[in-house]
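One structure is given below, encoded as structure tokens.
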Amino acid sequence: MKTIFNISAGILALLFFHIQGIHAQSQISGAIQAENGQPLPFVNVLLLSAADSSLIKGEVSGENGGYRLKNITPGNYLVMASMVGYLEYYSGPILIEGEAGQIDLGAITLSEDVKELKAVEVVAKRPLFEQKIDRLVINVENSITSAGSSALEVLERSPGVVVNRQNNSISVAGKDGVVVMINGKINRIPLEAVVQMLEGMPAGNIERIELITTPPADFDAEGNAGFINIVMRQSNDDGLNGGYTISGGYGRGSTASSGINFNHRRENINLYGDYSFSREAQEQVFTFGRRVMLNGQAVGTDTRSVRDPIQRNHNARLGLDWNLSSKTVVGVLLSGYDNRWSMDALNNTVISRNGLPDTLLSIANDEVNHWQHLGGNLNLQHAIREGETLTFDADYLRYDNVNPTNYFTTYSDGTGAFLFDEQTFSGKSTPLEVGVGKMDYTRRFSEKLKVEAGIKGTLSHFDNDVTVSRVENGISVNDPNLTAKYQLEESIAAAYTSFDIKLDGKSDLKLGLRYEYTSSNLGTIEQPNIVDRQYGNFFPGVFLSRTFNDQNTVNASYSRRITRPTFNDMAPFVIFMDPYTFFSGNAALQPAVSNNVKVDYRFKTALFSIQYAVEDSAIARFQTQVIEGTNQQLIAAENMKNRKTASFTTAFPIQVAGWWRMQNNLIGSWQEVNAYFDGEPVRVSTKNLQITWINLFTLPKDFSAELVGFYQTKGLFGSAAFLPMGALNIGIQKKFGGNGGTLRFGIDDVLNSLKWRGESNFPEYNLVSGFEADFSQRTFKLTYSRNFGNKELKGRRQRATGSEEERGRVN
């Protein structure tokens with residue numbers, strides 16, 4: 001860890017003390033007026049690069065129409081002024097040279113746009129990917145191939161994100177431990193439930209997805225790989241407005257989704273909400289195999305599972321924001337979902353000895369995994385004075401999960417002659433309650449210094465009622481070794497402070513320190529205190545940003561993170577693939593702590609990034625081991641000794657032609673895992689390359705198209721390896737004028753190549769296994785979406801308030 005601190009300190013010192021090209025800062029000022037000479041307040045005044053018209057910074061004119069654009073570095077610029085109901089104004093080129101100075105543009109007169117005065121629709125299209133100082137933003141609503149997809153499918157196509165559907169896990173830049181948030185709120189449920197929720201969440205209700213790999217101190221320290229924040233669509237327009245989408249598709253089975261969102265903003269009250277429904281029923285095929293040496297014989301176990309799952313999801317939110325005064329805003333948000341996954345499967349297993357069939361198993365099983373959730377949030381924001389705010393949040397979350405599974409197994413000998421039948425049941429009932437209280441204080445002392453501080457407390461209660469039974473002589477008999485009712489109580493107390501410092505006109509520094517204290521207790525009535533641990537940790541964070549000019553920017557950061565075991569991973573459970581292969585929990589799991597260093601460089605619209613992380617006691621989910629002296633395979637989460645990850649990211653757009661724009665993302669990583677097998681240290685390492693290739697085509701008559709491909713080479717999942725995979729998606733859309741909506745047609749997985757494959761190859765430890773999982777197939781989708789309601793912006797809504805920075809921190 002000392003090495004990590006030294007590396008980060010060296011990088012920051014190098015950037016801080018040896019960055020060259022410091023120039024004096026200039027400013028541009030003026031005033032906006034109407035044709036009758038009256039000043040125009042609340043006009044958007046933007047400073048643009050003269051080279052490509054990209055946005056540098058912006059201001060809103062004051063009550064007297066005046067504006068001032070400060071801290072402008074040398075370069076060529078344009079000034080643009082715009083307001084609803086007026087024609088846009090563009091200045092001529094403005095040259096800012098090395099000497100500091102003030103340029104007064106005088107009075108700018110805006111002319112009324114008579115044609116558009118009655119009804120104005122403001123449409124701003126963002127690029128698909130936006131790189132910010134601490135996150136990569138994926139603007140889902142601008143993607144054609146995302147139409148009709150789920151949030152999980154969008155994540156699968158995102159740079160650096162790996163979704164392992166077989167193990168219900170998500171990793172970013174080669175690191176596990178991702179925390180998923182919805183509109184800045186953490187989903188405190190097991191990761192498999194998060195994956196199930198995202199699989200049923202239509203992309204049509206999503207505005208953007210943020211990949212936050214180096215979170216600041218005001219974020220929870222949970223999550224070694226950072227956060228994925230999914231921001232739902234919400235309009236800032238006045239009056240009643242919203243949109244709806246409906247989609248249907250077919251592959252080896254059907255897929256359908258629909259969603260609606262609305263926003264009603266009037267005076268001091270804003271009411272908003274959304275609802276979505278999805279249903280997916282596509283055949284899945286899994287294969288598993290392993291080889292072990294048992295009593296001098298080579299025993300092989302090969303299983304082929306044909307599954308007919310149905311995923312049905314309902315998701316809803318309803319919120320209200322009320323401006324009690326110019327300084328105080330109170331908000332209430334209710335959210336919930338009802339997500340049900342059910343499956344009928346037929347598993348055929350061949351057990352061989354020295355290459356010859358010995359036992360045949362046919363397993364018919366049905367399973368239900370049903371999650372229900374209801375949550376409420378109360379938020380209060382108060383501006384004490386200009387630049388000083390206090391925010392309070394209180395949340396209550398309730399989750400309920402039932403997961404019954406029935407197995408009917410037929411045993412035959414190697415020739416297929418019937419031997420006997422067996423009926424088995426496994427199930428769990430899991431209610432989970434979470435209470436969260438949070439308070440944040442922010443004060444801006446000057447243009448160069450802002451201070452934040454906050455406290456947070458989280459209380460969780462978790463019941464896990466696990467039952468495993470077998471039918472003996474017509475009577476169901478519980479297995480006492482696998483049946484129990486577990487309870488977990490967990491509390492987390494946290495406090496943080498951070499300082500935003502503007503070192504000069506080009507350099508920004510953010511220093512943060514967070515402390516978290518955790519107390520966890522897991523046990524049963526018969527066996528209390530299976531887990532009883534208390535621990536506290538400090539989590540520092542340092543962020544430095546340097547803008548050389550409008551084309552060159554460098555960011556550097558260091559952060560310390562923690563990944564706690566999930567409730568399900570600690571609380572024992574049992575799910576059988578066959579009588580010899582089963583999934584289980586691991587109560588002995590310890591939390592993992594990582595130290596992370598990252599440096600980003602932006603040149604024009606291209607991004608280059610390097611990152612290094614060391615994670616002690618890294619948690620690897622669904623690791624495979626063979627129980628000594630048997631042919632039983634146990635799959636459970638385990639602690640590694642450590643995991644080291646180095647990665648680089650290159651992202652750059654290419655304007656091939658006026659009608660063809662290309663976005664290229666390349667992520668390479670090296671990873672080393674140090675683990676234990678049978679008490680002996682084992683080291684595994686590999687290199688991985690991920691390529692995402694996006695092509696956007698602008699066609700005549702309001703048509704456009706998109707071609708997206710991705711490919712990744714072999715990588716690590718704990719000590720196991722996943723094998724190369726890739727996919728190609730295409731889509732075309734037509735926009736109809738007069739608010740006639742948008743029609744999109746897409747083909748997912750055109751080459752039918754999206755298959756998860758993995759292996760564990762350690763013959764010296766009697767562990768050789770592999771699997772292939774085909775979760776999805778080539779699917780044809782048709783999606784229609786349309787906005788409705790008032791599109792006339794209310795100018796006063798654009799005025800900054802004391803809570804804008806807090807809102808921006810969430811959004």
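Lettering and numbering for the structure tokens are positional, with chains as A, B, ... in the shown order, residues counted from 1 in each chain, and ligands counted from 1 in the shown order.
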Per-residue DSSP, stretch 525-729 of chain A, filtered to helix (DSSP H, G or I), as number ranges by chain: A: 567-570
Nearest candidate to A:Phe288 (options A:Ala495, A:Val451, A:Ile351, A:Ile230; using only C-alpha atoms): A:Ile351
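The residue that comes closest to A:Val330, out of A:Gln534, A:Gln423, A:Thr430, A:Asn270 and on the basis of only C-alpha atoms, is A:Asn270.
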Atom CA of A:Leu378 to atom CA of A:Glu267, straight-line distance in Å: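 Result for atom CA of A:Glu267 versus atom CA of A:Leu378: 20.7 Å, one decimal.
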Taking only residues of stretch 232-327 of chain A that have an atom at most 9 Å from an atom of stretch 577-581 of chain A, what is each one's shortest atom pair and its distance in Å to one decimal, using only C-alpha atoms, in chain and number order, as a Markdown table?
```
| residue | atom | partner | partner_atom | distance |
| --- | --- | --- | --- | --- |
| A:Thr301 | CA | A:Tyr580 | CA | 8.8 |
| A:Thr303 | CA | A:Asp578 | CA | 8.3 |
| A:Ser305 | CA | A:Met577 | CA | 8.9 |
```
Residue contacts of stretch 606-611 of chain A (6 Å, only C-alpha atoms) excluding same-chain residues fewer than 2 positions away, as a PyMOL selection string: chain A and resi 597-604+646-652
What are the closest atom pairs, with distances in Å to one decimal, for all residues of stretch 33-53 of chain A lying within 12 Å of stretch 88-98 of chain A? Consider only C-alpha atoms, order rows by chain and residue number, and present the result as a tab-separated table.
```
residue	atom	partner	partner_atom	distance
A:Gln33	CA	A:Tyr89	CA	11.6
A:Ala34	CA	A:Tyr89	CA	11.9
A:Val43	CA	A:Glu88	CA	10.4
A:Asn44	CA	A:Glu88	CA	9.9
A:Val45	CA	A:Tyr89	CA	9.4
A:Leu46	CA	A:Tyr90	CA	9.6
A:Leu47	CA	A:Ser91	CA	10.0
A:Leu48	CA	A:Tyr90	CA	9.8
A:Ser49	CA	A:Pro93	CA	9.3
A:Ala50	CA	A:Pro93	CA	6.6
A:Ala51	CA	A:Pro93	CA	9.9
A:Ser53	CA	A:Tyr90	CA	10.8
```
